[in-house]
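In what follows, a single structure is set out as structure tokens and then discussed.
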Amino acid sequence: MANLLTDRDFWVNYWESKKGLAVQIPANYVFHRQLGEIVAQNNVKTAIELGGFPGYYAVFLKKYLKLEVTLLDYFIHPPVVVDLLEKNGLKEKDIHIIETDLFNYYPDQQYDLVLSCGLIEHFNDTADIISRHIAFVKPGGTLFITLPNFKAVNGWFQKNFDKENYDKHNIDSMNPDLLKSICEKAGMNEVKSGYFGRFSVWLENESQKSAGVKLFKKAVWLTGKVFTKIIPFESQALSPYIILQAKKPL
């Protein structure tokens, strides 16, 4: 699949390299305010998280917003999901799981809320992967997509200190205007797309990096946090995320 920048082996190795995946999801989890508003304003009852293993947002939506939740991903390791659910006071039956290739699957039901966080940037054809999200959205439902902004300082950090991970991302997809245009052309309404967060940098598997890289990363993080606290704003140069939100017409 030329559209895909990663394959199953990549994700198996990626998740097997992670430790401590079963964590308590806090009520103020990233994007909690936006998701809370969507649910409250649109009477959301059902939601699906695409590409979300191990299911942090699925857990958040079930635990705090009491939704009927489904998790769909290309790779799912059930024991990790079970541990995550137990850590958050949930049972295995609380989240419906679908392990499938999104490119060979058409939904047999649609949802009030369809979200993915850190998925679409792993595909070359941004319009195509967004259209596959839209197929899951019920008429009147909401699409909510987030992705990292590697055109910011964090992207420079990734490119210089974790080039292998950087190359797994479609940098061109990290364009709010492009994302908005794709949704509008697909017939979506109330489309909003923009930068989110004042500043952050991170590295995958940071524990494996040299002491010098870790120290430099910490210095950059602290400097950026202080700067954006004094002069708070969201921008292409500094914000770590992009949010895309849209509604499907009735």
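In the structure tokens, chains take the letters A, B, ... in the order shown, each chain's residues start at 1, and ligands count up from 1 in the order shown.
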Find the residues near A:Asn104: any atom within 12 Å, counting only C-alpha atoms, skip ones fewer than 3 places away on the same chain, and give them as a compact mmCIF listing (two decimals) with C-alpha atoms, in the first residue's frame.
# COMPACT_ATOMS: atom_id res chain seq x y z
CA MET A 1 0.00 0.00 0.00
CA TYR A 74 -4.66 -2.33 12.48
CA GLU A 99 -8.85 -5.22 14.69
CA THR A 100 -8.79 -4.61 10.96
CA ASP A 101 -7.10 -2.87 8.07
CA PRO A 107 -18.21 0.33 8.69
CA ARG A 132 -12.22 6.91 5.39
Polymer residues at most 8 Å from stretch 185-191 of chain A, only C-alpha atoms, same-chain spacing of 3 or more positions, as a PyMOL selection string: chain A and resi 131+180-182+244-249
Output of the above residues as a PDB file, in the first residue's frame, restricted to N, CA and C atoms:
ATOM      1  N   SER A 131     -11.259  10.766   4.147  1.00  0.00           N
ATOM      2  CA  SER A 131     -12.525  10.260   3.613  1.00  0.00           C
ATOM      3  C   SER A 131     -12.919   8.961   4.306  1.00  0.00           C
ATOM      4  N   LYS A 180      -8.667  21.663   6.242  1.00  0.00           N
ATOM      5  CA  LYS A 180      -9.989  22.295   6.140  1.00  0.00           C
ATOM      6  C   LYS A 180     -10.542  22.164   4.734  1.00  0.00           C
ATOM      7  N   SER A 181      -9.695  22.390   3.744  1.00  0.00           N
ATOM      8  CA  SER A 181     -10.115  22.302   2.348  1.00  0.00           C
ATOM      9  C   SER A 181     -10.585  20.893   1.999  1.00  0.00           C
ATOM     10  N   ILE A 182      -9.886  19.883   2.476  1.00  0.00           N
ATOM     11  CA  ILE A 182     -10.264  18.491   2.211  1.00  0.00           C
ATOM     12  C   ILE A 182     -11.651  18.194   2.763  1.00  0.00           C
ATOM     13  N   LEU A 244      -8.407  19.266  13.776  1.00  0.00           N
ATOM     14  CA  LEU A 244      -9.391  19.396  12.702  1.00  0.00           C
ATOM     15  C   LEU A 244     -10.733  18.909  13.235  1.00  0.00           C
ATOM     16  N   GLN A 245     -11.761  19.726  13.054  1.00  0.00           N
ATOM     17  CA  GLN A 245     -13.091  19.373  13.527  1.00  0.00           C
ATOM     18  C   GLN A 245     -14.121  19.734  12.466  1.00  0.00           C
ATOM     19  N   ALA A 246     -15.102  18.855  12.249  1.00  0.00           N
ATOM     20  CA  ALA A 246     -16.118  19.111  11.216  1.00  0.00           C
ATOM     21  C   ALA A 246     -17.379  18.302  11.525  1.00  0.00           C
ATOM     22  N   LYS A 247     -18.496  18.719  10.919  1.00  0.00           N
ATOM     23  CA  LYS A 247     -19.763  18.000  11.108  1.00  0.00           C
ATOM     24  C   LYS A 247     -20.259  17.498   9.755  1.00  0.00           C
ATOM     25  N   LYS A 248     -20.883  16.321   9.798  1.00  0.00           N
ATOM     26  CA  LYS A 248     -21.483  15.769   8.570  1.00  0.00           C
ATOM     27  C   LYS A 248     -22.917  16.277   8.471  1.00  0.00           C
ATOM     28  N   PRO A 249     -23.318  16.769   7.297  1.00  0.00           N
ATOM     29  CA  PRO A 249     -24.682  17.282   7.132  1.00  0.00           C
ATOM     30  C   PRO A 249     -25.717  16.182   7.392  1.00  0.00           C
TER      31      PRO A 249
END
Picked from stretch 20-234 of chain A by DSSP as strand (DSSP E or B), as a count of residues only: 44
Minimum-distance residue to A:Ser239, chosen among A:Lys217, A:Gln41, A:Tyr195, A:Leu84 (using only C-alpha atoms):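 Closest to A:Ser239 of all the choices is A:Tyr195.
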Counting only C-alpha atoms, the option among A:Ser200, A:Ser116, A:Thr46, A:Asn13 closest to A:Trp221: A:Ser200
Pick from A:Phe31, A:Phe233, A:Phe150, A:Phe75, whichever lies nearest to A:Leu102 using only C-alpha atoms: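 Of A:Phe31, A:Phe233, A:Phe150, A:Phe75, the one nearest A:Leu102 is A:Phe75, counting only C-alpha atoms.
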Closest of A:Phe196, A:Phe144, A:Phe157, A:Phe53 to A:Val39 - atom-to-atom distances counting only C-alpha atoms: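 The closest residue to A:Val39 is A:Phe144.
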Who sits within 12 Å of A:Lys159, only C-alpha atoms, same chain under 6 positions skipped, as a ChimeraX atom specification: /A:150-153,165-169,171,201-204
Preceding selection exported with N, CA and C atoms as a compact mmCIF listing (two decimals), in the first residue's frame:
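Saved the output as again.txt:
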# COMPACT_ATOMS: atom_id res chain seq x y z
N PHE A 150 4.80 18.85 13.02
CA PHE A 150 6.24 18.72 12.87
C PHE A 150 6.84 19.85 12.03
N LYS A 151 6.02 20.86 11.73
CA LYS A 151 6.56 22.06 11.11
C LYS A 151 6.95 23.07 12.19
N ALA A 152 6.79 22.67 13.43
CA ALA A 152 7.15 23.50 14.58
C ALA A 152 8.53 23.08 15.10
N VAL A 153 8.93 23.68 16.21
CA VAL A 153 10.22 23.36 16.82
C VAL A 153 10.32 21.86 17.10
N ASN A 165 11.87 8.07 13.02
CA ASN A 165 10.48 8.35 13.37
C ASN A 165 9.92 9.50 12.53
N TYR A 166 10.71 10.52 12.33
CA TYR A 166 10.30 11.68 11.52
C TYR A 166 9.88 11.24 10.12
N ASP A 167 10.63 10.32 9.53
CA ASP A 167 10.37 9.87 8.16
C ASP A 167 9.10 9.03 8.05
N LYS A 168 8.54 8.60 9.16
CA LYS A 168 7.28 7.86 9.14
C LYS A 168 6.08 8.79 9.10
N HIS A 169 6.31 10.08 8.99
CA HIS A 169 5.24 11.08 9.02
C HIS A 169 5.19 11.85 7.70
N ILE A 171 4.78 15.10 6.40
CA ILE A 171 4.88 16.48 6.90
C ILE A 171 3.91 17.41 6.16
N VAL A 201 7.99 19.64 23.22
CA VAL A 201 8.84 18.78 22.39
C VAL A 201 8.87 17.41 23.05
N TRP A 202 9.02 16.36 22.22
CA TRP A 202 9.12 15.01 22.77
C TRP A 202 9.94 14.14 21.82
N LEU A 203 10.36 13.01 22.34
CA LEU A 203 11.08 12.01 21.54
C LEU A 203 10.50 10.64 21.85
N GLU A 204 10.30 9.81 20.81
CA GLU A 204 9.89 8.44 21.04
C GLU A 204 11.06 7.69 21.68
All residues 10 Å or closer to stretch 63-65 of chain A, only C-alpha atoms, same chain fewer than 3 positions away omitted, as a list in words: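 So the residues in contact are Ile25, Pro26, Ala27, Asn28, His32, Leu35, Gly36, Val39, Ala40, Val44, Lys45, Tyr57, Ala58, Val59, Phe60, Glu68, Leu85, Asn88, Gly89, Leu90 and Asp94 of chain A.
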Could you write those residues out with C-alpha atoms, as a JSON list (two decimals), in the first residue's frame?
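Okay, part08.json is ready:
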[["chain", "number", "residue", "atom", "x", "y", "z"],
["A", 25, "ILE", "CA", -6.20, 8.44, 32.15],
["A", 26, "PRO", "CA", -6.83, 11.79, 33.90],
["A", 27, "ALA", "CA", -9.97, 13.88, 33.55],
["A", 28, "ASN", "CA", -7.84, 16.67, 32.04],
["A", 32, "HIS", "CA", -10.48, 16.95, 27.08],
["A", 35, "LEU", "CA", -14.15, 16.56, 23.40],
["A", 36, "GLY", "CA", -16.30, 17.51, 26.37],
["A", 39, "VAL", "CA", -20.32, 15.63, 23.53],
["A", 40, "ALA", "CA", -22.31, 18.20, 25.52],
["A", 44, "VAL", "CA", -23.21, 12.38, 21.54],
["A", 45, "LYS", "CA", -23.94, 8.80, 22.57],
["A", 57, "TYR", "CA", -9.10, 8.21, 24.12],
["A", 58, "ALA", "CA", -11.58, 5.36, 24.02],
["A", 59, "VAL", "CA", -11.01, 4.94, 27.76],
["A", 60, "PHE", "CA", -11.32, 8.70, 28.34],
["A", 68, "GLU", "CA", -20.71, 3.77, 24.00],
["A", 85, "LEU", "CA", -9.18, -0.87, 31.22],
["A", 88, "ASN", "CA", -9.10, 2.82, 34.86],
["A", 89, "GLY", "CA", -11.81, 0.89, 36.66],
["A", 90, "LEU", "CA", -13.36, -0.45, 33.47],
["A", 94, "ASP", "CA", -16.90, -1.63, 28.24]]
